[in-house]
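Below is one structure, written out as structure tokens, with a few remarks after it.
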Amino acid sequence: MVLVRGEYPILLDSGYGSDLPETEDLLKRAGTPPESLSLVVNSHYHCDHAGGNSGLQRDHGVPVAAHRWEAELVNRRDREACGVEWLDQPIEPYRVERPLSDGHELDAGPVVLQVIETPGHTLGHVSLYAPEEATLLLGDAVHGDDVAWLNPFREGVGAAHRALESLDRLSTLRARRTFSGHGAEITDLPAAIDAGRRRYEKWLEEPERSYWHACKRIFGYALMIHGGQDEDEVSPYLLRCPWFQDYARHGFGTEPETFVEPLVAEMLRSKAAGWSGGRLVALPPHNQPPPGWPSGPTRPRDWPGTSRR
């Protein structure tokens, strides 16, 4: 998340839903209580970037802006919205009041942010650029020490090519300060872009590398959300996940049942997960959702609102 302070404060991304109390506290400590926000902009609609939308909208009346394609899916409660069902990543109900397109301007007073379409991680991914301040808010388009995972099954087989084109576009912008959607401020944007470009080009040559990267990120996040899984829960969980079935069959050319053991082994080898008291747990630092969260519907087709598909 990045807060742009001003007469009309804007928050880029709202974090995971169960972290909303921490988000509200951070905003208050920054001198910008949630109710003073003029807008929350989503770089994209995954739950770790749009999960706080529901609470900010419901409790504080904050409007939400997002790329027009993702806004359409969200507002019609499409089962593909936010990747919730495919990824098994819960998100509480919200609506997008302000659909965005490339070149739109958002006024935080006095800072003016330009919307830059940066597809790759998702088709509707956007970054924000403040030319007067030479500041770039990247979302998941660029990371300081990694790259965003790619989803050829829901975001298109050209995801890597789009990600590369987005990097090329971002490299033309004058930026003194750059902030990613994950990690600390990026101090050397050209180096980060070059590293990302090399990684994506390698994935085009060896697609299985991108499939491993995605599977580890998705399963690792599931372990964070669920607080780990008992050994006898791992296989049944993976086998009912659409993402796992797609990567097994169409990425690695194997049946899902035969891919469980290799994925768990790779999670352990890469230290993305480890065994603790008979449970497979995510090893990177994370906040586990509290008991009882979420209390309402978390699949877009179950959200209140318009027609569902």
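Residue numbering restarts at 1 for every chain of the structure tokens, chains are lettered A, B, ... in their displayed order, and ligands are numbered from 1 as they appear.
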
What lies within 6 Å of A:Gly52 using only C-alpha atoms, ignoring chain neighbours under 4 positions off, as a list in words? Ser14, Gly15, Tyr16, Gly17 and Leu20 of chain A

Cut-off 6 Å: closest stretch 173-256 of chain A/stretch 115-137 of chain A atom pairs per residue, using only C-alpha atoms, as a tab-separated table:
residue	atom	partner	partner_atom	distance
A:Arg174	CA	A:Ala134	CA	5.9
A:Ala175	CA	A:Ala134	CA	4.4
A:Arg176	CA	A:Ala134	CA	5.4
A:Arg177	CA	A:Thr135	CA	4.8
A:Thr178	CA	A:Leu136	CA	4.7
A:Phe179	CA	A:Leu137	CA	5.0

Next, the residues of the selection above should be written as a PDB file, in the first residue's frame with C-alpha atoms.
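The resulting out19.pdb:
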ATOM      1  CA  ARG A 174      11.567   9.779 -15.217  1.00  0.00           C
ATOM      2  CA  ALA A 175      11.365   8.579 -11.633  1.00  0.00           C
ATOM      3  CA  ARG A 176      13.396   9.557  -8.585  1.00  0.00           C
ATOM      4  CA  ARG A 177      11.290   7.535  -6.162  1.00  0.00           C
ATOM      5  CA  THR A 178       9.636   4.206  -6.930  1.00  0.00           C
ATOM      6  CA  PHE A 179       7.461   2.023  -4.742  1.00  0.00           C
TER       7      PHE A 179
END

Counting only C-alpha atoms, the option among A:Pro290, A:Pro90, A:Gly228, A:Pro99 closest to A:Gly274: A:Gly228

Given only C-alpha atoms as the basis, pick out the residue of A:Asn42, A:Asn53, A:Gln288, A:Asn151 nearest to A:Met224. A:Gln288

Surrounding residues of stretch 197-208 of chain A excluding itself and chain neighbours under 2 positions, 7 Å, only C-alpha atoms, as an MDAnalysis selection string: chainID A and resid 160 164 193:195 210:212 251:252

Residue subset to file, keeping C-alpha atoms, as a PDB file, in the first residue's frame:
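As written to disk, part23.pdb reads:
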ATOM      1  CA  ALA A 160       4.915 -12.714 -20.152  1.00  0.00           C
ATOM      2  CA  LEU A 164       7.824  -7.267 -20.784  1.00  0.00           C
ATOM      3  CA  ILE A 193      13.483  -3.509 -14.511  1.00  0.00           C
ATOM      4  CA  ASP A 194      16.481  -5.177 -16.135  1.00  0.00           C
ATOM      5  CA  ALA A 195      16.325  -8.040 -13.636  1.00  0.00           C
ATOM      6  CA  SER A 210       7.144 -19.642 -14.545  1.00  0.00           C
ATOM      7  CA  TYR A 211       4.769 -22.464 -13.596  1.00  0.00           C
ATOM      8  CA  TRP A 212       6.912 -23.438 -10.608  1.00  0.00           C
ATOM      9  CA  GLY A 251       1.580 -26.629 -17.444  1.00  0.00           C
ATOM     10  CA  PHE A 252       3.486 -29.759 -16.472  1.00  0.00           C
TER      11      PHE A 252
END

Need to verify the contact set: A:Val281, 7 Å, only C-alpha atoms, exclusion of same-chain residues closer than 5 positions in sequence. Can you return it as a list in words?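 Residues meeting the cut-off are Leu223, Gly227, Gly228, Gln229, Ala273, Gly274, Trp275 and Ser276 of chain A.
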
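For A:Glu92, the residues within 10 Å (counting only C-alpha atoms, excluding itself and residues fewer than 2 positions away along the chain) are A:Tyr16, A:Gly17, A:Ser18, A:Cys47, A:Ala50, A:Gly51, A:Gly52, A:Asn53, A:Ser54, A:Gly55, A:Pro90, A:Tyr94, A:Pro294, A:Ser295, A:Gly296, A:Pro297, A:Thr298, A:Arg299, A:Pro300, A:Asp302, A:Trp303.
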
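Minimum distance to A:Ser101 across A:Glu266, A:Glu24, A:Glu233, A:Glu70 (counting only C-alpha atoms) occurs at A:Glu70.
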
Alpha helix (DSSP H) positions in stretch 22-194 of chain A, given as a PyMOL selection string: chain A and resi 22-29+47-50+53-60+68-75+84-87+159-170+189-194

Restricted to C-alpha atoms, what would the selected residues look like written as a PDB file, in the first residue's frame?
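Here's the written file selection.pdb:
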ATOM      1  CA  GLU A  22      -3.815  -2.516  11.004  1.00  0.00           C
ATOM      2  CA  THR A  23      -4.377  -0.540   7.797  1.00  0.00           C
ATOM      3  CA  GLU A  24      -6.741   1.831   9.591  1.00  0.00           C
ATOM      4  CA  ASP A  25      -4.203   2.311  12.376  1.00  0.00           C
ATOM      5  CA  LEU A  26      -1.396   3.025   9.902  1.00  0.00           C
ATOM      6  CA  LEU A  27      -3.539   5.623   8.154  1.00  0.00           C
ATOM      7  CA  LYS A  28      -4.380   7.347  11.437  1.00  0.00           C
ATOM      8  CA  ARG A  29      -0.725   7.407  12.474  1.00  0.00           C
ATOM      9  CA  CYS A  47      -7.135 -10.196  -2.483  1.00  0.00           C
ATOM     10  CA  ASP A  48      -3.822  -8.964  -1.079  1.00  0.00           C
ATOM     11  CA  HIS A  49      -4.307  -5.656  -2.913  1.00  0.00           C
ATOM     12  CA  ALA A  50      -8.093  -5.206  -2.881  1.00  0.00           C
ATOM     13  CA  ASN A  53     -11.845  -2.356  -0.096  1.00  0.00           C
ATOM     14  CA  SER A  54     -14.947  -3.784   1.551  1.00  0.00           C
ATOM     15  CA  GLY A  55     -14.238  -2.350   4.994  1.00  0.00           C
ATOM     16  CA  LEU A  56     -13.011   1.023   3.736  1.00  0.00           C
ATOM     17  CA  GLN A  57     -16.098   1.342   1.564  1.00  0.00           C
ATOM     18  CA  ARG A  58     -18.577   0.044   4.133  1.00  0.00           C
ATOM     19  CA  ASP A  59     -17.228   1.671   7.290  1.00  0.00           C
ATOM     20  CA  HIS A  60     -15.730   4.895   5.951  1.00  0.00           C
ATOM     21  CA  ARG A  68     -12.313  -0.773 -16.291  1.00  0.00           C
ATOM     22  CA  TRP A  69     -12.001  -4.478 -17.204  1.00  0.00           C
ATOM     23  CA  GLU A  70     -11.544  -5.587 -13.611  1.00  0.00           C
ATOM     24  CA  ALA A  71     -14.231  -3.127 -12.468  1.00  0.00           C
ATOM     25  CA  GLU A  72     -16.724  -4.726 -14.841  1.00  0.00           C
ATOM     26  CA  LEU A  73     -16.050  -8.215 -13.505  1.00  0.00           C
ATOM     27  CA  VAL A  74     -16.315  -7.035  -9.900  1.00  0.00           C
ATOM     28  CA  ASN A  75     -19.495  -5.021 -10.373  1.00  0.00           C
ATOM     29  CA  VAL A  84     -11.241 -15.774  -6.019  1.00  0.00           C
ATOM     30  CA  GLU A  85     -12.578 -19.158  -7.046  1.00  0.00           C
ATOM     31  CA  TRP A  86      -9.644 -20.181  -9.221  1.00  0.00           C
ATOM     32  CA  LEU A  87      -7.086 -19.181  -6.571  1.00  0.00           C
ATOM     33  CA  ALA A 159       1.102 -12.646 -19.982  1.00  0.00           C
ATOM     34  CA  ALA A 160       4.915 -12.714 -20.152  1.00  0.00           C
ATOM     35  CA  HIS A 161       4.960 -10.660 -23.349  1.00  0.00           C
ATOM     36  CA  ARG A 162       2.611  -8.110 -21.793  1.00  0.00           C
ATOM     37  CA  ALA A 163       4.750  -7.973 -18.650  1.00  0.00           C
ATOM     38  CA  LEU A 164       7.824  -7.267 -20.784  1.00  0.00           C
ATOM     39  CA  GLU A 165       6.019  -4.513 -22.681  1.00  0.00           C
ATOM     40  CA  SER A 166       4.974  -2.979 -19.358  1.00  0.00           C
ATOM     41  CA  LEU A 167       8.590  -2.991 -18.178  1.00  0.00           C
ATOM     42  CA  ASP A 168       9.638  -1.304 -21.422  1.00  0.00           C
ATOM     43  CA  ARG A 169       7.043   1.396 -20.895  1.00  0.00           C
ATOM     44  CA  LEU A 170       7.969   2.003 -17.268  1.00  0.00           C
ATOM     45  CA  LEU A 189      14.566   1.154 -10.816  1.00  0.00           C
ATOM     46  CA  PRO A 190      16.601   0.508 -13.997  1.00  0.00           C
ATOM     47  CA  ALA A 191      18.337  -2.438 -12.310  1.00  0.00           C
ATOM     48  CA  ALA A 192      15.024  -3.831 -11.047  1.00  0.00           C
ATOM     49  CA  ILE A 193      13.483  -3.509 -14.511  1.00  0.00           C
ATOM     50  CA  ASP A 194      16.481  -5.177 -16.135  1.00  0.00           C
TER      51      ASP A 194
END

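Comparing the minimum interatomic distances between A:Gly83 and each of A:Tyr45, A:Gly158, A:Ala265, A:Val111, counting only C-alpha atoms, we find that A:Tyr45 sits nearest.
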
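Across the model, the gap from atom CA of A:Thr172 to atom CA of A:Leu3 is 23.9 Å.
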
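Atom CA of A:Ala141 lies 25.4 Å from atom CA of A:Pro110.
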
In Å, with one decimal, what is the gap from atom CA of A:Gln245 to atom CA of A:Ala214? 13.0 Å

Excluding same-chain residues fewer than 5 positions from A:Asp232, what lies within 12 Å of it counting only C-alpha atoms, as a ChimeraX atom specification? /A:237-238,260,278-280

Let me make sure I understand: among A:Arg269, A:Ser180, A:Cys82, A:Asp88, which one has the smallest atom-to-atom distance to A:Arg240 if we use only C-alpha atoms?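 That would be A:Asp88, the residue with the smallest distance to A:Arg240.
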
Near A:Arg98, counting only C-alpha atoms, which residues have an atom at most 7 Å away, once you skip same-chain residues fewer than 6 positions from it, shown as a count of residues only? 3

Run DSSP on the backbone and grab whatever in stretch 39-222 of chain A lands in strand (DSSP E or B); send it over as a ChimeraX atom specification. /A:39-41,64-67,98-100,105-107,112-117,126-130,135-139,177-180,186

Would you mind exporting the chosen residues as a PDB file, in the first residue's frame, restricted to C-alpha atoms?
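New file selection08.pdb:
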ATOM      1  CA  LEU A  39     -10.215   7.324  -3.162  1.00  0.00           C
ATOM      2  CA  VAL A  40      -8.660   3.886  -2.920  1.00  0.00           C
ATOM      3  CA  VAL A  41      -7.117   2.766  -6.209  1.00  0.00           C
ATOM      4  CA  VAL A  64     -12.920   2.493  -5.097  1.00  0.00           C
ATOM      5  CA  ALA A  65     -11.211   2.919  -8.474  1.00  0.00           C
ATOM      6  CA  ALA A  66      -9.834   0.124 -10.651  1.00  0.00           C
ATOM      7  CA  HIS A  67      -9.113  -0.694 -14.270  1.00  0.00           C
ATOM      8  CA  ARG A  98     -14.556   4.748 -10.777  1.00  0.00           C
ATOM      9  CA  PRO A  99     -13.408   2.619 -13.731  1.00  0.00           C
ATOM     10  CA  LEU A 100      -9.952   3.616 -14.960  1.00  0.00           C
ATOM     11  CA  GLU A 105      -5.601  11.582 -14.037  1.00  0.00           C
ATOM     12  CA  LEU A 106      -6.322  11.357 -10.302  1.00  0.00           C
ATOM     13  CA  ASP A 107      -6.018  14.560  -8.280  1.00  0.00           C
ATOM     14  CA  VAL A 112      -1.700  14.594  -9.797  1.00  0.00           C
ATOM     15  CA  LEU A 113      -1.358  10.895 -10.577  1.00  0.00           C
ATOM     16  CA  GLN A 114      -1.482   9.492 -14.086  1.00  0.00           C
ATOM     17  CA  VAL A 115      -2.907   6.015 -14.657  1.00  0.00           C
ATOM     18  CA  ILE A 116      -0.454   3.798 -16.545  1.00  0.00           C
ATOM     19  CA  GLU A 117      -1.740   0.470 -17.845  1.00  0.00           C
ATOM     20  CA  VAL A 126      -2.283  -0.388 -13.452  1.00  0.00           C
ATOM     21  CA  SER A 127       0.549   1.676 -12.011  1.00  0.00           C
ATOM     22  CA  LEU A 128       0.384   5.346 -10.989  1.00  0.00           C
ATOM     23  CA  TYR A 129       2.845   8.046 -12.000  1.00  0.00           C
ATOM     24  CA  ALA A 130       3.277  11.540 -10.559  1.00  0.00           C
ATOM     25  CA  THR A 135       7.369   9.322  -8.357  1.00  0.00           C
ATOM     26  CA  LEU A 136       6.176   5.954  -9.623  1.00  0.00           C
ATOM     27  CA  LEU A 137       3.816   3.617  -7.780  1.00  0.00           C
ATOM     28  CA  LEU A 138       4.270   0.246  -9.413  1.00  0.00           C
ATOM     29  CA  GLY A 139       1.884  -2.213  -7.814  1.00  0.00           C
ATOM     30  CA  ARG A 177      11.290   7.535  -6.162  1.00  0.00           C
ATOM     31  CA  THR A 178       9.636   4.206  -6.930  1.00  0.00           C
ATOM     32  CA  PHE A 179       7.461   2.023  -4.742  1.00  0.00           C
ATOM     33  CA  SER A 180       6.459  -1.580  -5.374  1.00  0.00           C
ATOM     34  CA  ILE A 186      13.077   0.446  -4.948  1.00  0.00           C
TER      35      ILE A 186
END
